>>> print(open('upload_16.pdb').read())   # PDB, C-alpha atoms
ATOM      1  CA  GLU P 224     -15.769  -2.146  -3.568
ATOM      2  CA  ILE P 225     -14.744  -4.208  -0.559
ATOM      3  CA  VAL P 226     -14.457  -2.183   2.637
ATOM      4  CA  MET P 227     -11.767  -3.179   5.135
ATOM      5  CA  THR P 228     -12.322  -2.238   8.785
ATOM      6  CA  GLN P 229      -9.551  -2.485  11.367
ATOM      7  CA  SER P 230      -9.877  -2.469  15.132
ATOM      8  CA  PRO P 231      -8.917  -1.014  17.453
ATOM      9  CA  GLY P 232      -7.774   2.316  16.094
ATOM     10  CA  THR P 233      -5.051   2.508  18.736
ATOM     11  CA  LEU P 234      -3.614  -0.271  20.873
ATOM     12  CA  SER P 235      -1.524   0.527  23.942
ATOM     13  CA  VAL P 236       0.790  -2.332  24.853
ATOM     14  CA  SER P 237       3.804  -2.755  27.121
ATOM     15  CA  PRO P 238       7.036  -4.156  25.663
ATOM     16  CA  GLY P 239       7.064  -7.942  25.933
ATOM     17  CA  GLU P 240       3.291  -8.197  25.902
ATOM     18  CA  ARG P 241       1.098  -9.709  23.224
ATOM     19  CA  ALA P 242      -0.760  -7.535  20.705
ATOM     20  CA  THR P 243      -3.803  -8.671  18.751
ATOM     21  CA  LEU P 244      -5.037  -6.605  15.797
ATOM     22  CA  SER P 245      -8.241  -7.281  13.877
ATOM     23  CA  CYS P 246      -9.302  -6.701  10.293
ATOM     24  CA  ARG P 247     -12.750  -7.324   8.858
ATOM     25  CA  ALA P 248     -13.771  -7.380   5.197
ATOM     26  CA  SER P 249     -17.243  -6.340   4.037
ATOM     27  CA  GLN P 250     -17.388  -9.496   1.917
ATOM     28  CA  SER P 251     -15.306 -12.620   1.638
ATOM     29  CA  VAL P 252     -11.757 -12.178   0.348
ATOM     30  CA  SER P 253     -10.846 -15.827   0.932
ATOM     31  CA  SER P 254      -7.227 -15.792   2.173
ATOM     32  CA  ASN P 255      -6.227 -12.921  -0.106
ATOM     33  CA  LEU P 256      -5.139 -10.624   2.680
ATOM     34  CA  ALA P 257      -1.885  -8.889   3.520
ATOM     35  CA  TRP P 258      -0.619  -7.036   6.581
ATOM     36  CA  TYR P 259       1.854  -4.165   6.456
ATOM     37  CA  GLN P 260       3.842  -2.263   9.061
ATOM     38  CA  GLN P 261       4.597   1.418   8.624
ATOM     39  CA  LYS P 262       6.888   3.592  10.720
ATOM     40  CA  PRO P 263       6.963   7.398  10.519
ATOM     41  CA  GLY P 264       8.635   8.719   7.399
ATOM     42  CA  GLN P 265       8.976   5.266   5.860
ATOM     43  CA  PRO P 266       7.016   3.319   3.260
ATOM     44  CA  PRO P 267       5.002   0.338   4.431
ATOM     45  CA  ARG P 268       6.687  -3.049   4.790
ATOM     46  CA  LEU P 269       4.989  -6.313   3.909
ATOM     47  CA  LEU P 270       4.636  -8.566   6.952
ATOM     48  CA  ILE P 271       2.089 -11.209   6.022
ATOM     49  CA  TYR P 272       0.463 -12.361   2.793
ATOM     50  CA  GLY P 273      -2.040 -15.101   2.120
ATOM     51  CA  ALA P 274      -3.506 -14.189   5.527
ATOM     52  CA  SER P 275      -0.917 -16.282   7.386
ATOM     53  CA  THR P 276       2.393 -16.517   5.472
ATOM     54  CA  ARG P 277       5.231 -14.393   6.774
ATOM     55  CA  ALA P 278       7.110 -12.404   4.156
ATOM     56  CA  THR P 279      10.835 -12.843   3.751
ATOM     57  CA  GLY P 280      12.799 -11.742   6.789
ATOM     58  CA  ILE P 281       9.799 -11.181   9.054
ATOM     59  CA  PRO P 282      10.367 -12.456  12.612
ATOM     60  CA  ALA P 283       8.363 -15.398  13.886
ATOM     61  CA  ARG P 284       6.731 -13.255  16.582
ATOM     62  CA  PHE P 285       4.448 -11.943  13.837
ATOM     63  CA  SER P 286       1.625 -14.294  12.885
ATOM     64  CA  GLY P 287      -1.547 -13.951  10.868
ATOM     65  CA  SER P 288      -4.738 -15.946  10.866
ATOM     66  CA  GLY P 289      -8.243 -15.954   9.470
ATOM     67  CA  SER P 290     -10.056 -16.337   6.184
ATOM     68  CA  GLY P 291     -13.212 -15.093   4.551
ATOM     69  CA  THR P 292     -14.070 -11.869   6.335
ATOM     70  CA  GLU P 293     -12.278 -12.036   9.694
ATOM     71  CA  PHE P 294      -8.521 -11.740  10.115
ATOM     72  CA  THR P 295      -6.073 -11.274  12.952
ATOM     73  CA  LEU P 296      -2.466 -10.153  13.212
ATOM     74  CA  THR P 297      -0.748 -11.213  16.412
ATOM     75  CA  ILE P 298       2.579  -9.950  17.694
ATOM     76  CA  SER P 299       3.515 -12.439  20.371
ATOM     77  CA  SER P 300       5.988 -10.364  22.396
ATOM     78  CA  LEU P 301       6.278  -6.727  21.421
ATOM     79  CA  GLN P 302       9.745  -5.365  20.835
ATOM     80  CA  SER P 303      10.600  -1.668  20.780
ATOM     81  CA  GLU P 304      10.891  -1.706  16.995
ATOM     82  CA  ASP P 305       7.331  -3.039  16.623
ATOM     83  CA  PHE P 306       5.647   0.171  17.717
ATOM     84  CA  ALA P 307       4.192   1.402  14.457
ATOM     85  CA  VAL P 308       0.991   1.579  12.416
ATOM     86  CA  TYR P 309      -0.328  -1.649  10.913
ATOM     87  CA  TYR P 310      -2.557  -1.906   7.854
ATOM     88  CA  CYS P 311      -4.450  -4.775   6.324
ATOM     89  CA  GLN P 312      -5.195  -4.922   2.611
ATOM     90  CA  HIS P 313      -7.206  -7.387   0.588
ATOM     91  CA  TYR P 314      -6.087  -8.459  -2.870
ATOM     92  CA  ASN P 315      -9.066 -10.490  -3.906
ATOM     93  CA  ASN P 316      -9.316 -10.785  -7.677
ATOM     94  CA  TRP P 317      -8.366  -7.736  -9.747
ATOM     95  CA  PRO P 318      -7.891  -4.342  -7.969
ATOM     96  CA  PRO P 319      -9.223  -2.187  -6.315
ATOM     97  CA  TRP P 320      -7.317  -3.614  -3.372
ATOM     98  CA  THR P 321      -8.514  -1.488  -0.501
ATOM     99  CA  PHE P 322      -6.664  -0.924   2.763
ATOM    100  CA  GLY P 323      -8.008  -0.805   6.259
ATOM    101  CA  GLN P 324      -7.707   2.515   8.083
ATOM    102  CA  GLY P 325      -4.821   1.263  10.213
ATOM    103  CA  THR P 326      -4.138   0.350  13.839
ATOM    104  CA  LYS P 327      -1.516   2.292  15.733
ATOM    105  CA  VAL P 328       0.407   0.200  18.254
ATOM    106  CA  GLU P 329       1.832   2.493  20.915
ATOM    107  CA  ILE P 330       3.862   2.041  24.061
ATOM    108  CA  LYS P 331       1.771   1.744  27.198
TER     109      LYS P 331
ATOM    110  CA  GLN J 247      18.047  -5.645  -4.976
ATOM    111  CA  VAL J 248      14.664  -4.228  -5.907
ATOM    112  CA  GLN J 249      14.582  -0.453  -6.109
ATOM    113  CA  LEU J 250      11.666   1.821  -6.893
ATOM    114  CA  VAL J 251      12.471   5.509  -7.151
ATOM    115  CA  GLU J 252       9.671   8.020  -7.570
ATOM    116  CA  SER J 253      10.131  11.501  -8.994
ATOM    117  CA  GLY J 254       8.058  14.382 -10.277
ATOM    118  CA  GLY J 255       6.403  15.543  -7.088
ATOM    119  CA  GLY J 256       6.227  19.159  -6.019
ATOM    120  CA  VAL J 257       3.908  22.074  -5.392
ATOM    121  CA  VAL J 258       1.200  22.698  -7.967
ATOM    122  CA  GLN J 259      -1.881  24.910  -8.127
ATOM    123  CA  PRO J 260      -5.384  23.457  -8.122
ATOM    124  CA  GLY J 261      -6.576  22.525 -11.595
ATOM    125  CA  ARG J 262      -3.060  22.009 -12.951
ATOM    126  CA  SER J 263      -1.368  18.780 -14.043
ATOM    127  CA  LEU J 264       1.636  16.784 -12.902
ATOM    128  CA  ARG J 265       3.252  13.562 -14.046
ATOM    129  CA  LEU J 266       4.934  11.235 -11.600
ATOM    130  CA  SER J 267       7.529   8.679 -12.641
ATOM    131  CA  CYS J 268       8.834   5.590 -10.914
ATOM    132  CA  ALA J 269      12.118   4.087 -12.088
ATOM    133  CA  ALA J 270      12.358   0.380 -11.311
ATOM    134  CA  SER J 271      15.437  -1.799 -11.058
ATOM    135  CA  GLY J 272      16.566  -5.090  -9.574
ATOM    136  CA  PHE J 273      13.780  -7.180 -11.071
ATOM    137  CA  THR J 274      12.199  -7.959 -14.442
ATOM    138  CA  PHE J 275       9.883  -4.965 -14.592
ATOM    139  CA  SER J 276       7.951  -6.260 -17.606
ATOM    140  CA  SER J 277       6.852  -9.358 -15.666
ATOM    141  CA  TYR J 278       5.025  -7.627 -12.827
ATOM    142  CA  GLY J 279       1.964  -5.534 -12.313
ATOM    143  CA  MET J 280       2.472  -2.244 -10.518
ATOM    144  CA  HIS J 281       0.492   0.091  -8.302
ATOM    145  CA  TRP J 282       0.271   3.661  -7.106
ATOM    146  CA  VAL J 283      -0.726   4.162  -3.477
ATOM    147  CA  ARG J 284      -0.993   7.517  -1.760
ATOM    148  CA  GLN J 285      -1.012   8.768   1.798
ATOM    149  CA  ALA J 286      -2.338  12.177   2.771
ATOM    150  CA  PRO J 287      -0.487  13.903   5.628
ATOM    151  CA  GLY J 288      -1.234  12.116   8.893
ATOM    152  CA  LYS J 289      -3.696   9.752   7.210
ATOM    153  CA  GLY J 290      -3.834   6.121   6.133
ATOM    154  CA  LEU J 291      -2.947   4.393   2.896
ATOM    155  CA  GLU J 292      -5.193   4.786  -0.130
ATOM    156  CA  TRP J 293      -4.862   2.431  -3.090
ATOM    157  CA  MET J 294      -5.170   4.525  -6.238
ATOM    158  CA  ALA J 295      -4.364   2.630  -9.412
ATOM    159  CA  SER J 296      -2.961  -0.608 -10.772
ATOM    160  CA  ILE J 297      -1.645  -1.761 -14.115
ATOM    161  CA  SER J 298      -0.942  -5.247 -15.423
ATOM    162  CA  TYR J 299       2.543  -6.399 -16.381
ATOM    163  CA  ASP J 300       2.035  -5.549 -20.051
ATOM    164  CA  GLY J 301      -0.094  -2.447 -19.601
ATOM    165  CA  SER J 302      -3.157  -4.016 -21.177
ATOM    166  CA  ASN J 303      -5.269  -3.783 -18.034
ATOM    167  CA  LYS J 304      -5.608  -0.749 -15.803
ATOM    168  CA  VAL J 305      -7.889   0.194 -12.974
ATOM    169  CA  HIS J 306      -8.213   3.450 -11.089
ATOM    170  CA  GLY J 307      -9.830   4.291  -7.793
ATOM    171  CA  ASP J 308     -13.090   6.206  -7.729
ATOM    172  CA  SER J 309     -11.484   9.283  -6.170
ATOM    173  CA  VAL J 310      -9.176   9.764  -9.172
ATOM    174  CA  LYS J 311     -11.064   8.082 -12.006
ATOM    175  CA  GLY J 312     -11.213  10.324 -15.062
ATOM    176  CA  ARG J 313      -8.463  12.606 -13.720
ATOM    177  CA  PHE J 314      -5.472  10.318 -13.157
ATOM    178  CA  THR J 315      -4.024   7.759 -15.560
ATOM    179  CA  ILE J 316      -1.539   5.009 -14.783
ATOM    180  CA  SER J 317       0.787   3.841 -17.542
ATOM    181  CA  ARG J 318       4.120   2.126 -18.023
ATOM    182  CA  ASP J 319       7.026   1.881 -20.425
ATOM    183  CA  ASN J 320       8.576  -1.555 -20.098
ATOM    184  CA  SER J 321      11.468  -0.599 -22.396
ATOM    185  CA  LYS J 322      12.459   1.990 -19.777
ATOM    186  CA  SER J 323      11.367   0.021 -16.678
ATOM    187  CA  THR J 324       9.339   3.031 -15.659
ATOM    188  CA  LEU J 325       5.865   3.484 -14.217
ATOM    189  CA  TYR J 326       3.940   6.728 -14.630
ATOM    190  CA  LEU J 327       1.006   8.528 -13.096
ATOM    191  CA  GLN J 328      -0.477  11.372 -15.089
ATOM    192  CA  MET J 329      -2.452  13.596 -12.752
ATOM    193  CA  ASN J 330      -4.818  16.164 -14.259
ATOM    194  CA  SER J 331      -7.296  18.581 -12.704
ATOM    195  CA  LEU J 332      -5.512  18.374  -9.372
ATOM    196  CA  ARG J 333      -7.425  19.234  -6.215
ATOM    197  CA  VAL J 334      -6.301  20.319  -2.771
ATOM    198  CA  GLU J 335      -7.390  16.918  -1.451
ATOM    199  CA  ASP J 336      -4.880  15.196  -3.764
ATOM    200  CA  THR J 337      -2.097  16.463  -1.519
ATOM    201  CA  ALA J 338      -0.245  13.358  -0.393
ATOM    202  CA  VAL J 339       2.880  11.259  -0.591
ATOM    203  CA  TYR J 340       2.575   9.058  -3.651
ATOM    204  CA  PHE J 341       4.161   5.611  -3.485
ATOM    205  CA  CYS J 342       5.038   3.397  -6.399
ATOM    206  CA  ALA J 343       4.677  -0.281  -5.491
ATOM    207  CA  LYS J 344       5.357  -3.688  -7.008
ATOM    208  CA  TRP J 345       2.692  -6.354  -7.349
ATOM    209  CA  ALA J 346       3.774  -9.417  -5.390
ATOM    210  CA  THR J 347       3.461 -12.756  -7.158
ATOM    211  CA  PRO J 348       1.163 -14.302  -4.559
ATOM    212  CA  GLY J 349      -0.684 -11.001  -4.225
ATOM    213  CA  GLY J 350      -0.381  -7.828  -2.267
ATOM    214  CA  ILE J 351       2.584  -5.498  -2.478
ATOM    215  CA  ASP J 352       6.098  -6.687  -1.724
ATOM    216  CA  TYR J 353       8.175  -3.600  -2.520
ATOM    217  CA  TRP J 354       7.527   0.102  -2.129
ATOM    218  CA  GLY J 355       9.351   3.213  -3.194
ATOM    219  CA  GLN J 356      10.184   5.941  -0.702
ATOM    220  CA  GLY J 357       7.419   8.125  -2.086
ATOM    221  CA  THR J 358       7.212  11.583  -3.632
ATOM    222  CA  LEU J 359       5.251  14.437  -2.084
ATOM    223  CA  VAL J 360       2.635  16.243  -4.124
ATOM    224  CA  THR J 361       1.244  19.430  -2.629
ATOM    225  CA  VAL J 362      -1.741  21.048  -4.289
ATOM    226  CA  SER J 363      -2.107  24.597  -3.093
ATOM    227  CA  SER J 364      -2.869  28.044  -4.437
TER     228      SER J 364
END
>>> encode(input="upload_16.pdb", output="structure tokens")
Amino acid sequence: EIVMTQSPGTLSVSPGERATLSCRASQSVSSNLAWYQQKPGQPPRLLIYGASTRATGIPARFSGSGSGTEFTLTISSLQSEDFAVYYCQHYNNWPPWTFGQGTKVEIK
Amino acid sequence: QVQLVESGGGVVQPGRSLRLSCAASGFTFSSYGMHWVRQAPGKGLEWMASISYDGSNKVHGDSVKGRFTISRDNSKSTLYLQMNSLRVEDTAVYFCAKWATPGGIDYWGQGTLVTVSS
């Protein structure tokens, strides 16, 4: 099973600043990686798939990069609605498609 | 629009069984694989099980293998999760989710809470 490791666990950022979240896979997943945003009491929302493609309706301030085992989600200028928990998930080949443990982005 | 509505959650004693359902609408259910993902209170997301579009292929996570079974009825556009031998640590919100064409998960239900307690 591929293990996904996210860092940091918590990121404190001021509104308008840039946030950079990392996700590492224990073995190569090519570009088969997705990022999700989850707010309290809500299901996750797909932000990025294919490591770098924004899902429908996702603002351009969200961008993804990486391939193989190292991935990054960047939020270029944090808005109030972006404070949430972010998860990465690989979908390499057939499931299991494991999630990272999440990064909480909080207001500094 | 795509809708996934879970039902069947509740409070159950350890060792008992429960069956969750997920009613799908707004897309051609029989053309897409589906997943169950759970989230324990205050914890992260845990992928649990997936099933192919026609039900011919299934895979379950190690933590539930042999106890939980994913299935589907394409004539009813419904996904199921049969949960047997429930444990306290199975307490979680269970999400039904749609397999995105390029991969990953593009739609999620609102979730149903399962509480395993004596």
>>> resolve_selection(input="upload_16.pdb", expression="the PyMOL selection byres ((chain P and resi 225) around 10)", output="list in words")
Glu224, Val226, Met227, Thr228, Ala248, Ser249, Gln250, Ser251, Val252, His313, Tyr314, Asn315, Pro319, Trp320, Thr321 and Phe322 of chain P
>>> atom_distance(input="upload_16.pdb", atom1="CA of Ile297 (chain J)", atom2="CA of Gln247 (chain J)")
22.1 Å
>>> resolve_selection(input="upload_16.pdb", expression="the ChimeraX specification (/P :<12) & /J", output="PyMOL selection string")
chain J and resi 250-251+279-285+287-298+303-309+311+339-359
>>> residues_around(input="upload_16.pdb", residues="region 330-336 of chain J", least_positions_apart="5", cutoff="9 Å", atoms="only C-alpha atoms", output="ChimeraX atom specification")
/J:258-265,284,286,310,312-315,360-364
>>> residues_around(input="upload_16.pdb", residues="Leu234 (chain P)", least_positions_apart="4", cutoff="7 Å", atoms="all atoms listed in the file", output="ChimeraX atom specification")
/P:327-329
>>> residues_around(input="upload_16.pdb", residues="Ile298 (chain P)", least_positions_apart="6", cutoff="8 Å", atoms="all atoms listed in the file", output="ChimeraX atom specification")
/P:241-243,284-286
>>> resolve_selection(input="upload_16.pdb", expression="the PyMOL selection byres ((chain J and resi 324) around 12)", output="number ranges by chain")
J: 249-253, 266-271, 274-276, 278-281, 299, 301, 316-323, 325-327, 342-344
>>> atom_distance(input="upload_16.pdb", atom1="CA of Pro231 (chain P)", atom2="CA of Ser254 (chain P)")
21.3 Å
>>> atom_distance(input="upload_16.pdb", atom1="CA of Gly255 (chain J)", atom2="CA of Phe306 (chain P)")
29.2 Å
>>> axis_aligned_box(input="upload_16.pdb", around="region 293-311 of chain P", padding_each_side="8 Å", output="AutoDock Vina command-line options")
--center_x -0.7 --center_y -5.4 --center_z 14.4 --size_x 39.2 --size_y 30.0 --size_z 32.1
>>> residues_around(input="upload_16.pdb", residues="Gly289 (chain P)", least_positions_apart="6", cutoff="8 Å", atoms="all atoms listed in the file", output="ChimeraX atom specification")
/P:254,274-275,295
>>> residues_around(input="upload_16.pdb", residues="Ser303 (chain P)", least_positions_apart="2", cutoff="12 Å", atoms="only C-alpha atoms", output="PyMOL selection string")
chain P and resi 236-240+262+298+300-301+305-307+328-331
>>> closest_residue(input="upload_16.pdb", among="P:Ser245, P:Gln260, P:Gly280, P:Ser290", to="Gln229 (chain P)", atoms="all atoms listed in the file")
P:Ser245
>>> decode(input="upload_16.pdb", residues="chain P", atoms="C-alpha atoms", output="mmCIF file, in the first residue's frame")
data_model
loop_
_atom_site.group_PDB
_atom_site.id
_atom_site.type_symbol
_atom_site.label_atom_id
_atom_site.label_comp_id
_atom_site.auth_asym_id
_atom_site.auth_seq_id
_atom_site.Cartn_x
_atom_site.Cartn_y
_atom_site.Cartn_z
ATOM 1 C CA GLU P 224 0.000 0.000 0.000
ATOM 2 C CA ILE P 225 1.263 3.455 -0.914
ATOM 3 C CA VAL P 226 1.656 5.761 2.074
ATOM 4 C CA MET P 227 0.933 9.460 1.568
ATOM 5 C CA THR P 228 2.624 11.922 3.935
ATOM 6 C CA GLN P 229 1.587 15.569 4.117
ATOM 7 C CA SER P 230 3.492 18.450 5.649
ATOM 8 C CA PRO P 231 3.170 20.533 7.645
ATOM 9 C CA GLY P 232 0.381 19.309 9.871
ATOM 10 C CA THR P 233 -0.758 22.882 10.481
ATOM 11 C CA LEU P 234 0.060 26.007 8.501
ATOM 12 C CA SER P 235 -0.606 29.452 9.954
ATOM 13 C CA VAL P 236 -1.008 32.070 7.244
ATOM 14 C CA SER P 237 -2.314 35.631 7.097
ATOM 15 C CA PRO P 238 -5.054 36.496 4.591
ATOM 16 C CA GLY P 239 -3.521 37.567 1.288
ATOM 17 C CA GLU P 240 -0.361 35.565 1.849
ATOM 18 C CA ARG P 241 0.831 32.540 -0.075
ATOM 19 C CA ALA P 242 0.419 29.011 1.304
ATOM 20 C CA THR P 243 2.477 26.034 0.179
ATOM 21 C CA LEU P 244 1.407 22.511 1.161
ATOM 22 C CA SER P 245 3.437 19.373 0.495
ATOM 23 C CA CYS P 246 2.516 15.760 -0.136
ATOM 24 C CA ARG P 247 4.936 12.873 -0.515
ATOM 25 C CA ALA P 248 4.189 9.359 -1.756
ATOM 26 C CA SER P 249 6.118 6.316 -0.531
ATOM 27 C CA GLN P 250 6.509 5.210 -4.150
ATOM 28 C CA SER P 251 5.875 6.794 -7.507
ATOM 29 C CA VAL P 252 2.250 7.559 -8.359
ATOM 30 C CA SER P 253 3.149 9.330 -11.606
ATOM 31 C CA SER P 254 0.727 12.281 -11.866
ATOM 32 C CA ASN P 255 -2.175 10.334 -10.375
ATOM 33 C CA LEU P 256 -2.717 12.678 -7.472
ATOM 34 C CA ALA P 257 -5.662 14.731 -6.281
ATOM 35 C CA TRP P 258 -6.059 17.493 -3.707
ATOM 36 C CA TYR P 259 -9.220 18.089 -1.702
ATOM 37 C CA GLN P 260 -10.426 20.859 0.586
ATOM 38 C CA GLN P 261 -12.630 20.098 3.564
ATOM 39 C CA LYS P 262 -14.407 22.557 5.837
ATOM 40 C CA PRO P 263 -16.002 21.593 9.163
ATOM 41 C CA GLY P 264 -19.230 19.666 8.795
ATOM 42 C CA GLN P 265 -18.869 19.360 5.029
ATOM 43 C CA PRO P 266 -17.669 16.620 2.696
ATOM 44 C CA PRO P 267 -14.382 17.145 0.896
ATOM 45 C CA ARG P 268 -14.313 19.093 -2.366
ATOM 46 C CA LEU P 269 -12.074 18.182 -5.277
ATOM 47 C CA LEU P 270 -9.600 20.963 -6.055
ATOM 48 C CA ILE P 271 -6.926 19.418 -8.247
ATOM 49 C CA TYR P 272 -6.574 16.171 -10.178
ATOM 50 C CA GLY P 273 -3.788 14.880 -12.367
ATOM 51 C CA ALA P 274 -1.450 16.659 -9.926
ATOM 52 C CA SER P 275 -1.953 20.027 -11.641
ATOM 53 C CA THR P 276 -5.399 20.306 -13.292
ATOM 54 C CA ARG P 277 -7.950 22.425 -11.485
ATOM 55 C CA ALA P 278 -11.382 20.869 -11.104
ATOM 56 C CA THR P 279 -14.429 22.643 -12.445
ATOM 57 C CA GLY P 280 -15.121 25.928 -10.705
ATOM 58 C CA ILE P 281 -11.898 26.030 -8.693
ATOM 59 C CA PRO P 282 -10.322 29.511 -8.591
ATOM 60 C CA ALA P 283 -7.014 30.116 -10.319
ATOM 61 C CA ARG P 284 -5.319 30.956 -7.010
ATOM 62 C CA PHE P 285 -5.156 27.205 -6.402
ATOM 63 C CA SER P 286 -2.377 25.429 -8.280
ATOM 64 C CA GLY P 287 -0.802 22.004 -8.074
ATOM 65 C CA SER P 288 2.556 20.724 -9.190
ATOM 66 C CA GLY P 289 4.806 17.702 -8.990
ATOM 67 C CA SER P 290 4.994 14.139 -10.213
ATOM 68 C CA GLY P 291 6.381 10.837 -9.053
ATOM 69 C CA THR P 292 6.635 11.113 -5.288
ATOM 70 C CA GLU P 293 6.705 14.847 -4.527
ATOM 71 C CA PHE P 294 3.715 17.148 -4.897
ATOM 72 C CA THR P 295 2.782 20.670 -3.908
ATOM 73 C CA LEU P 296 -0.471 22.577 -3.566
ATOM 74 C CA THR P 297 -0.071 26.338 -3.652
ATOM 75 C CA ILE P 298 -2.703 28.895 -2.732
ATOM 76 C CA SER P 299 -1.350 32.124 -4.137
ATOM 77 C CA SER P 300 -3.270 34.645 -2.019
ATOM 78 C CA LEU P 301 -5.314 33.206 0.811
ATOM 79 C CA GLN P 302 -8.914 34.296 1.073
ATOM 80 C CA SER P 303 -11.039 33.896 4.192
ATOM 81 C CA GLU P 304 -12.916 30.984 2.641
ATOM 82 C CA ASP P 305 -9.670 29.059 2.056
ATOM 83 C CA PHE P 306 -9.038 28.332 5.719
ATOM 84 C CA ALA P 307 -9.745 24.626 5.879
ATOM 85 C CA VAL P 308 -8.094 21.203 5.933
ATOM 86 C CA TYR P 309 -6.449 19.982 2.735
ATOM 87 C CA TYR P 310 -5.871 16.351 1.802
ATOM 88 C CA CYS P 311 -3.907 14.721 -0.962
ATOM 89 C CA GLN P 312 -4.867 11.333 -2.363
ATOM 90 C CA HIS P 313 -3.175 9.149 -4.929
ATOM 91 C CA TYR P 314 -5.192 7.177 -7.459
ATOM 92 C CA ASN P 315 -2.444 5.177 -9.049
ATOM 93 C CA ASN P 316 -3.776 2.042 -10.712
ATOM 94 C CA TRP P 317 -6.614 0.197 -8.970
ATOM 95 C CA PRO P 318 -7.513 1.150 -5.338
ATOM 96 C CA PRO P 319 -6.522 1.302 -2.484
ATOM 97 C CA TRP P 320 -6.249 5.037 -3.039
ATOM 98 C CA THR P 321 -4.825 6.257 0.230
ATOM 99 C CA PHE P 322 -5.121 9.783 1.598
ATOM 100 C CA GLY P 323 -2.542 11.875 3.335
ATOM 101 C CA GLN P 324 -3.251 12.788 6.954
ATOM 102 C CA GLY P 325 -4.198 16.351 6.036
ATOM 103 C CA THR P 326 -2.823 19.869 6.465
ATOM 104 C CA LYS P 327 -4.870 22.392 8.382
ATOM 105 C CA VAL P 328 -4.542 25.940 7.063
ATOM 106 C CA GLU P 329 -5.412 28.365 9.844
ATOM 107 C CA ILE P 330 -5.520 32.116 10.217
ATOM 108 C CA LYS P 331 -2.331 33.606 11.600
#
